[in-house]
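Here is the file protein31.cif (mmCIF, C-alpha atoms).
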data_query
loop_
_atom_site.label_atom_id
_atom_site.label_comp_id
_atom_site.auth_asym_id
_atom_site.auth_seq_id
_atom_site.Cartn_x
_atom_site.Cartn_y
_atom_site.Cartn_z
CA MET A 24 -38.69 2.13 -15.27
CA TRP A 25 -35.76 4.10 -16.71
CA SER A 26 -33.35 2.25 -14.41
CA LEU A 27 -34.80 -0.99 -15.72
CA LEU A 28 -34.11 0.05 -19.31
CA ASN A 29 -30.58 1.16 -18.45
CA ASP A 30 -29.79 -2.11 -16.63
CA ILE A 31 -31.52 -4.44 -19.11
CA ASN A 32 -28.28 -6.32 -19.80
CA HIS A 33 -27.77 -7.03 -16.09
CA ILE A 34 -31.23 -8.40 -15.21
CA SER A 35 -31.53 -11.82 -13.61
CA PHE A 36 -34.45 -13.63 -11.98
CA ALA A 37 -34.41 -15.09 -8.46
CA ASN A 38 -37.42 -17.40 -9.14
CA PRO A 39 -37.40 -18.08 -12.90
CA TYR A 40 -39.56 -21.22 -12.54
CA PHE A 41 -42.65 -18.98 -12.13
CA PHE A 42 -42.42 -18.26 -15.86
CA ALA A 43 -44.05 -21.68 -16.37
CA LEU A 44 -47.32 -19.96 -15.42
CA LEU A 45 -47.19 -18.05 -18.72
CA PHE A 46 -48.41 -21.21 -20.46
CA ILE A 47 -51.80 -20.32 -18.98
CA VAL A 48 -52.01 -17.32 -21.32
CA PRO A 49 -52.51 -19.27 -24.59
CA LEU A 50 -54.76 -21.74 -22.77
CA TYR A 51 -56.94 -18.91 -21.48
CA PHE A 52 -57.02 -17.33 -24.93
CA TYR A 53 -58.17 -20.63 -26.44
CA TYR A 54 -60.80 -21.02 -23.72
CA GLN A 55 -62.15 -17.52 -24.38
CA LYS A 56 -62.46 -18.28 -28.09
CA LYS A 57 -64.32 -21.55 -27.41
CA LYS A 58 -66.65 -19.90 -24.86
CA THR A 59 -67.84 -17.29 -27.34
CA THR A 60 -71.44 -18.06 -28.37
CA THR A 61 -73.63 -16.61 -31.08
CA SER A 62 -77.19 -15.50 -30.31
CA TYR A 63 -79.92 -15.37 -32.93
CA PHE A 64 -83.11 -13.38 -33.08
CA ARG A 65 -85.64 -12.73 -35.89
CA LEU A 66 -86.13 -9.37 -37.54
CA SER A 67 -88.65 -8.46 -40.18
CA SER A 68 -85.99 -6.48 -42.05
CA THR A 69 -82.19 -5.96 -41.73
CA ALA A 70 -82.15 -2.76 -43.76
CA ALA A 71 -81.80 -0.58 -40.66
CA LEU A 72 -78.91 -2.64 -39.32
CA GLU A 73 -76.99 -2.45 -42.56
CA THR A 74 -76.65 1.32 -42.21
CA GLN A 75 -75.37 1.10 -38.61
CA ALA A 76 -71.58 0.97 -38.23
CA PRO A 77 -70.05 -0.46 -35.04
CA ASN A 78 -69.45 2.30 -32.50
CA TRP A 79 -66.10 3.02 -30.83
CA LYS A 80 -66.96 0.91 -27.80
CA VAL A 81 -67.36 -2.16 -29.95
CA LYS A 82 -64.13 -1.43 -31.77
CA THR A 83 -62.12 -0.97 -28.57
CA ALA A 84 -63.66 -3.71 -26.46
CA TRP A 85 -60.46 -5.76 -26.92
CA ILE A 86 -58.76 -3.42 -24.43
CA LEU A 87 -60.43 -5.24 -21.51
CA ASN A 88 -58.94 -8.58 -22.53
CA ALA A 89 -55.56 -6.99 -23.19
CA LEU A 90 -55.56 -5.52 -19.67
CA THR A 91 -56.41 -8.95 -18.24
CA TYR A 92 -53.41 -10.47 -20.01
CA LEU A 93 -51.20 -7.57 -18.92
CA VAL A 94 -52.19 -7.96 -15.26
CA PHE A 95 -51.48 -11.68 -15.33
CA ILE A 96 -48.13 -11.40 -17.16
CA CYS A 97 -46.89 -8.63 -14.85
CA CYS A 98 -47.86 -10.69 -11.79
CA VAL A 99 -45.89 -13.66 -13.14
CA ILE A 100 -42.84 -11.48 -13.77
CA ALA A 101 -43.12 -10.02 -10.26
CA LEU A 102 -43.25 -13.55 -8.79
CA ALA A 103 -40.09 -14.41 -10.76
CA ARG A 104 -38.38 -11.53 -8.90
CA PRO A 105 -36.40 -9.65 -11.55
CA GLN A 106 -33.31 -7.95 -10.17
CA THR A 107 -30.34 -6.08 -11.50
CA SER A 108 -26.86 -6.80 -10.25
CA ASN A 109 -23.60 -4.96 -10.43
CA VAL A 110 -20.17 -6.07 -9.31
CA SER A 111 -17.82 -3.82 -7.41
CA GLU A 112 -14.19 -4.83 -7.07
CA SER A 113 -11.91 -4.07 -4.18
CA ILE A 114 -8.22 -4.29 -5.08
CA ASP A 115 -5.74 -4.66 -2.27
CA SER A 116 -2.27 -4.15 -3.71
CA GLU A 117 0.79 -5.02 -1.66
CA GLY A 118 3.47 -3.12 -3.57
CA ILE A 119 7.19 -3.71 -3.34
CA ASP A 120 9.63 -1.03 -2.20
CA MET A 121 12.46 -0.97 -4.68
CA VAL A 122 15.62 1.00 -5.49
CA LEU A 123 17.50 1.06 -8.78
CA ALA A 124 21.20 1.68 -8.10
CA MET A 125 22.87 2.59 -11.38
CA ASP A 126 26.55 3.03 -12.21
CA ILE A 127 27.17 6.26 -14.18
CA SER A 128 30.97 6.13 -14.26
CA GLY A 129 32.86 7.09 -17.40
CA SER A 130 33.17 3.48 -18.53
CA MET A 131 29.36 3.38 -18.90
CA LEU A 132 29.88 5.35 -22.14
CA ALA A 133 31.34 2.24 -23.78
CA GLU A 134 29.46 1.35 -26.94
CA ASP A 135 29.27 -2.43 -26.73
CA LEU A 136 25.59 -1.80 -25.91
CA LYS A 137 23.77 0.58 -28.24
CA PRO A 138 23.99 3.53 -28.26
CA ASN A 139 26.07 3.04 -25.11
CA ARG A 140 25.81 1.24 -21.78
CA ILE A 141 24.25 4.08 -19.80
CA GLU A 142 21.57 4.87 -22.41
CA ALA A 143 20.73 1.17 -22.81
CA ALA A 144 20.46 0.85 -19.03
CA LYS A 145 18.16 3.89 -18.83
CA LYS A 146 15.87 2.50 -21.52
CA VAL A 147 15.37 -0.92 -19.94
CA ALA A 148 14.97 0.68 -16.49
CA ASN A 149 12.27 2.96 -17.91
CA ASP A 150 10.41 -0.03 -19.38
CA PHE A 151 10.81 -1.90 -16.10
CA ILE A 152 9.22 0.97 -14.16
CA ASP A 153 6.23 0.91 -16.51
CA GLN A 154 5.67 -2.74 -15.62
CA ARG A 155 5.58 -2.00 -11.85
CA PRO A 156 2.60 0.38 -11.37
CA SER A 157 1.95 -0.76 -7.79
CA ASP A 158 5.52 -0.43 -6.54
CA ARG A 159 7.31 2.43 -4.83
CA ILE A 160 10.63 2.89 -6.61
CA GLY A 161 13.65 5.08 -5.98
CA LEU A 162 16.80 5.82 -7.97
CA VAL A 163 20.39 5.91 -6.70
CA ILE A 164 23.40 6.74 -8.87
CA PHE A 165 27.03 6.09 -8.16
CA SER A 166 30.47 6.35 -9.68
CA GLY A 167 33.32 7.54 -7.39
CA GLU A 168 30.62 8.55 -4.89
CA SER A 169 26.89 7.91 -4.58
CA PHE A 170 23.80 10.11 -4.66
CA THR A 171 20.03 9.65 -4.31
CA GLN A 172 18.70 10.89 -7.64
CA CYS A 173 15.07 10.19 -6.67
CA PRO A 174 13.75 9.05 -3.26
CA ILE A 175 11.40 6.09 -3.15
CA THR A 176 8.11 7.23 -4.65
CA SER A 177 4.90 5.98 -6.20
CA ASP A 178 4.97 8.94 -8.61
CA HIS A 179 6.58 7.14 -11.52
CA GLY A 180 6.35 10.21 -13.72
CA VAL A 181 8.81 12.09 -11.50
CA LEU A 182 11.00 8.99 -11.24
CA LYS A 183 11.20 8.59 -15.02
CA THR A 184 12.02 12.28 -15.44
CA GLN A 185 14.94 11.91 -13.05
CA LEU A 186 16.03 8.74 -14.83
CA SER A 187 16.05 10.44 -18.23
CA ALA A 188 18.33 13.18 -16.87
CA LEU A 189 21.12 10.74 -16.00
CA LYS A 190 24.45 11.08 -17.74
CA SER A 191 28.04 10.23 -17.04
CA GLY A 192 30.01 12.97 -15.29
CA LEU A 193 27.39 14.01 -12.73
CA LEU A 194 29.59 12.63 -9.96
CA GLN A 195 33.29 12.16 -9.32
CA ASP A 196 34.54 9.37 -11.56
CA GLY A 197 35.34 5.88 -10.31
CA THR A 198 33.34 2.82 -9.32
CA ALA A 199 32.22 2.82 -5.67
CA ILE A 200 30.02 -0.29 -5.59
CA GLY A 201 30.01 -0.34 -1.79
CA MET A 202 28.69 3.22 -1.61
CA GLY A 203 26.06 2.63 -4.28
CA LEU A 204 24.84 -0.43 -2.39
CA ALA A 205 24.90 1.30 1.00
CA THR A 206 23.00 4.37 -0.27
CA GLY A 207 20.35 2.15 -1.85
CA VAL A 208 19.94 0.18 1.38
CA ASP A 209 19.69 3.43 3.33
CA ARG A 210 16.78 4.46 1.11
CA LEU A 211 15.06 1.14 1.82
CA ARG A 212 15.75 0.67 5.52
CA SER A 213 12.78 2.77 6.65
CA ALA A 214 10.46 1.57 3.87
CA LYS A 215 7.23 0.02 5.12
CA GLY A 216 6.75 -2.54 2.37
CA LYS A 217 6.95 -6.22 3.25
CA SER A 218 9.43 -6.73 0.41
CA LYS A 219 12.53 -4.57 -0.12
CA VAL A 220 14.45 -5.01 -3.35
CA LEU A 221 17.57 -3.33 -4.72
CA ILE A 222 18.76 -3.73 -8.32
CA LEU A 223 22.43 -2.77 -8.62
CA LEU A 224 23.85 -2.31 -12.13
CA THR A 225 27.54 -1.76 -12.76
CA ASP A 226 30.16 -2.36 -15.44
CA GLY A 227 33.30 -2.33 -13.33
CA VAL A 228 35.26 -3.27 -10.25
CA ASN A 229 35.03 -1.48 -6.91
CA ASN A 230 38.02 0.85 -6.87
CA THR A 231 37.04 3.74 -4.61
CA GLY A 232 34.52 4.88 -2.03
CA LEU A 233 34.29 5.31 1.74
CA ILE A 234 32.29 2.10 2.30
CA ASP A 235 33.67 -1.32 1.60
CA PRO A 236 31.28 -3.56 -0.42
CA MET A 237 31.47 -6.24 2.29
CA ASN A 238 30.31 -3.77 4.93
CA ALA A 239 27.52 -2.62 2.64
CA LEU A 240 26.52 -6.26 2.15
CA GLU A 241 26.20 -6.77 5.91
CA ILE A 242 24.04 -3.64 6.13
CA ALA A 243 21.78 -4.96 3.36
CA LYS A 244 21.41 -8.29 5.15
CA SER A 245 20.60 -6.63 8.47
CA PHE A 246 17.72 -4.68 6.92
CA GLY A 247 16.38 -7.61 4.92
CA VAL A 248 17.07 -6.07 1.51
CA ARG A 249 17.17 -8.52 -1.38
CA VAL A 250 19.79 -7.45 -3.95
CA TYR A 251 19.83 -8.33 -7.63
CA THR A 252 23.18 -7.48 -9.24
CA ILE A 253 23.80 -6.92 -12.94
CA GLY A 254 27.20 -6.84 -14.61
CA VAL A 255 26.78 -5.02 -17.90
CA GLY A 256 29.29 -5.14 -20.76
CA THR A 257 30.59 -7.50 -23.39
CA THR A 258 33.45 -9.94 -22.86
CA GLY A 259 37.01 -9.00 -23.75
CA LYS A 260 37.28 -5.44 -25.03
CA ALA A 261 34.68 -2.78 -25.78
CA PRO A 262 34.80 0.41 -27.90
CA TYR A 263 35.03 3.52 -25.77
CA PRO A 264 34.84 7.15 -26.99
CA GLN A 265 37.91 8.98 -25.73
CA THR A 266 38.45 12.74 -26.01
CA MET A 267 41.88 13.56 -27.42
CA PRO A 268 44.02 16.60 -26.48
CA ASP A 269 42.93 18.42 -29.63
CA GLY A 270 39.27 18.02 -28.66
CA SER A 271 38.48 15.29 -31.15
CA VAL A 272 36.81 12.04 -30.09
CA GLN A 273 38.32 8.73 -31.03
CA LYS A 274 37.17 5.20 -30.35
CA THR A 275 39.61 3.16 -28.31
CA MET A 276 39.26 -0.43 -27.16
CA MET A 277 39.13 -0.82 -23.40
CA ASP A 278 39.19 -3.97 -21.27
CA VAL A 279 35.88 -5.04 -19.76
CA GLN A 280 36.47 -5.75 -16.08
CA ILE A 281 33.50 -6.83 -13.97
CA ASP A 282 33.90 -8.21 -10.47
CA ALA A 283 31.52 -11.13 -11.00
CA ALA A 284 32.66 -12.82 -7.77
CA LEU A 285 31.72 -9.79 -5.66
CA LEU A 286 28.39 -9.24 -7.42
CA THR A 287 27.54 -12.93 -7.10
CA LYS A 288 28.34 -12.90 -3.37
CA ILE A 289 26.21 -9.81 -2.74
CA ALA A 290 23.24 -11.31 -4.60
CA LYS A 291 23.53 -14.79 -3.12
CA GLU A 292 23.83 -13.70 0.51
CA THR A 293 20.84 -11.37 0.30
CA GLY A 294 18.55 -13.84 -1.48
CA GLY A 295 18.86 -12.23 -4.89
CA LYS A 296 20.59 -13.28 -8.09
CA TYR A 297 23.56 -12.16 -10.21
CA TYR A 298 23.10 -11.56 -13.95
CA ARG A 299 25.56 -10.92 -16.76
CA ALA A 300 24.27 -8.73 -19.58
CA THR A 301 26.56 -8.64 -22.60
CA GLY A 302 24.17 -6.84 -24.95
CA ASN A 303 20.91 -4.89 -25.21
CA ASN A 304 18.71 -7.95 -25.58
CA ALA A 305 20.43 -9.70 -22.69
CA LEU A 306 19.91 -6.66 -20.47
CA GLU A 307 16.23 -6.52 -21.39
CA GLN A 308 15.84 -10.20 -20.52
CA VAL A 309 17.50 -9.62 -17.14
CA TYR A 310 14.97 -6.97 -16.16
CA LYS A 311 12.10 -9.12 -17.45
CA GLU A 312 13.24 -12.01 -15.26
CA ILE A 313 13.53 -9.77 -12.22
CA ASP A 314 10.05 -8.45 -12.98
CA ARG A 315 8.78 -12.03 -13.11
CA LEU A 316 10.53 -13.01 -9.86
CA GLU A 317 9.39 -9.95 -7.93
CA LYS A 318 5.68 -10.06 -8.56
CA THR A 319 3.49 -7.62 -6.68
CA LYS A 320 0.81 -9.31 -4.60
CA ILE A 321 -2.66 -8.14 -5.63
CA GLU A 322 -5.81 -9.36 -3.90
CA MET A 323 -9.08 -8.69 -5.67
CA SER A 324 -12.44 -9.10 -3.96
CA ALA A 325 -15.68 -8.91 -5.92
CA TYR A 326 -18.96 -7.82 -4.35
CA ARG A 327 -22.26 -8.34 -6.14
CA HIS A 328 -25.08 -5.95 -5.30
CA TYR A 329 -28.70 -6.76 -6.19
CA LYS A 330 -31.58 -4.36 -6.72
CA GLU A 331 -35.11 -5.81 -6.70
CA LEU A 332 -37.32 -4.78 -9.63
CA PHE A 333 -40.46 -6.83 -8.95
CA GLY A 334 -42.16 -3.70 -7.52
CA ILE A 335 -42.19 -2.08 -10.96
CA PHE A 336 -44.18 -4.94 -12.48
CA LEU A 337 -46.42 -5.19 -9.42
CA TRP A 338 -47.37 -1.54 -9.76
CA ILE A 339 -48.01 -1.99 -13.49
CA ALA A 340 -50.34 -4.91 -12.67
CA ILE A 341 -52.20 -2.88 -10.03
CA ILE A 342 -52.62 0.11 -12.32
CA ALA A 343 -53.78 -2.12 -15.19
CA LEU A 344 -56.29 -3.88 -12.88
CA ILE A 345 -57.70 -0.56 -11.63
CA ALA A 346 -57.97 0.67 -15.23
CA GLN A 347 -59.77 -2.52 -16.26
CA LEU A 348 -62.29 -2.25 -13.40
CA ALA A 349 -62.89 1.42 -14.13
CA LEU A 350 -63.48 0.74 -17.82
CA GLN A 351 -65.91 -2.08 -17.02
CA LEU A 352 -67.88 0.05 -14.55
CA TRP A 353 -68.07 3.33 -16.41
CA VAL A 354 -67.24 2.78 -20.06
CA TYR A 355 -68.02 -0.79 -21.13
CA ARG A 356 -71.05 -1.32 -18.87
CA LYS A 357 -73.03 -4.49 -19.56
CA ILE A 358 -76.77 -4.23 -19.90
CA THR A 359 -78.60 -6.83 -17.85
CA LEU A 360 -82.28 -7.57 -18.27
#
Can the structure from this file be put into structure tokens for me?
Amino acid sequence: MWSLLNDINHISFANPYFFALLFIVPLYFYYQKKKTTTSYFRLSSTAALETQAPNWKVKTAWILNALTYLVFICCVIALARPQTSNVSESIDSEGIDMVLAMDISGSMLAEDLKPNRIEAAKKVANDFIDQRPSDRIGLVIFSGESFTQCPITSDHGVLKTQLSALKSGLLQDGTAIGMGLATGVDRLRSAKGKSKVLILLTDGVNNTGLIDPMNALEIAKSFGVRVYTIGVGTTGKAPYPQTMPDGSVQKTMMDVQIDAALLTKIAKETGGKYYRATGNNALEQVYKEIDRLEKTKIEMSAYRHYKELFGIFLWIAIIALIAQLALQLWVYRKITL
């Protein structure tokens, strides 16, 4: 009974048409009222009857009829087969294995993005990670050399901690795009996901490194890694904080040089896409588009479980019927002449 009360909002009926039988209840009630007859007999005086109050049996005789109605109503409900149902969901998530390869060279301190390129890149990457709960993501950094800051993991808390610790100067300066790409591919080559994606962000031109970008591209193609490339920085010149000999910091204007041809070739030949982000909003839109293009496949199966409740009402009907018979036999016995 308690389970019935707890699941009251989830009750359904397998045979609701049996509720039509409830129309018999008012018809039976009307029949009982019509069947009632009044008997008359003569008395020499009614004085003795006037002092007699109806006893408790007379006052509670309605219980027999109430039990009759209860038995019938419970039987109808049992025939309608009440049942509770609950839905369990099975989610099969096919996550994507992904690596963020981020340039942390000195030029990433340029302030054409606010507060600077590297901090803007960290912020949008952090938001991007939050939108990919089912994916395994790693982090590679590069400048004059490359380094795996965080291996591919589903623990996004650790990943975001490593991302927040990024700053320019952690590695030898320069822009080794080929090494950043190759290290990212190396992280992905043994990944078991059906989709392998690398997002490479840089603000410069390949000018150093032990691996040529073209060789790294061939490696990416051989392992089926799809590469999205992002060139970050305004057009023309950008303000750059430069430390002077006396220790002071001055803003100087530096040329923005991005090898768009190389980044476009890498993206196109691996099935990805090249993006140019000239400001914070543009960079945010780039990551949103990549998020939209690389959707994680999620299959959801729903299972509905039913629990039959007709037994509860059947037992109530049986108990009420036994109680009615017992009351008729031993409490409300009829006197026959």
- All residues 8 Å or closer to range 229-238 of chain A, all atoms listed in the file, same chain fewer than 6 positions away omitted, as a list in words: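 The residues that qualify are Gly167, Glu168, Gly197, Thr198, Ala199, Ile200, Gly201, Met202, Leu204, Ala205 and Asp282 of chain A.
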- CA of Lys330 in chain A to CA of Phe46 in chain A, straight-line distance in Å: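 CA of Lys330 in chain A lies at a distance of 27.5 Å from CA of Phe46 in chain A.
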- Query: If you measure from CA of Leu223 in chain A to CA of Lys274 in chain A, what distance in Å do you get, rounded to one decimal?
  - Reply: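 Separating CA of Leu223 in chain A from CA of Lys274 in chain A is a distance of 27.4 Å.
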- Counting all atoms listed in the file, what is within 12 Å of Asp150 in chain A, bar same-chain residues fewer than 3 positions away, as a list in words? Ala143, Ala144, Lys145, Lys146, Val147, Asp153, Gln154, Arg155, Pro156, His179, Lys183, Leu186, Ser187, Leu306, Glu307, Gln308, Tyr310, Lys311 and Asp314 of chain A
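Taking CA of Thr252 in chain A and CA of Leu221 in chain A as endpoints, the distance between them is 8.3 Å.
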- Task: Can you work out which one of A:Val228, A:Asp135, A:Asp120, A:Ala300 has the shortest atom-to-atom distance to Gly247 in chain A, counting only C-alpha atoms?
- Result: A:Asp120
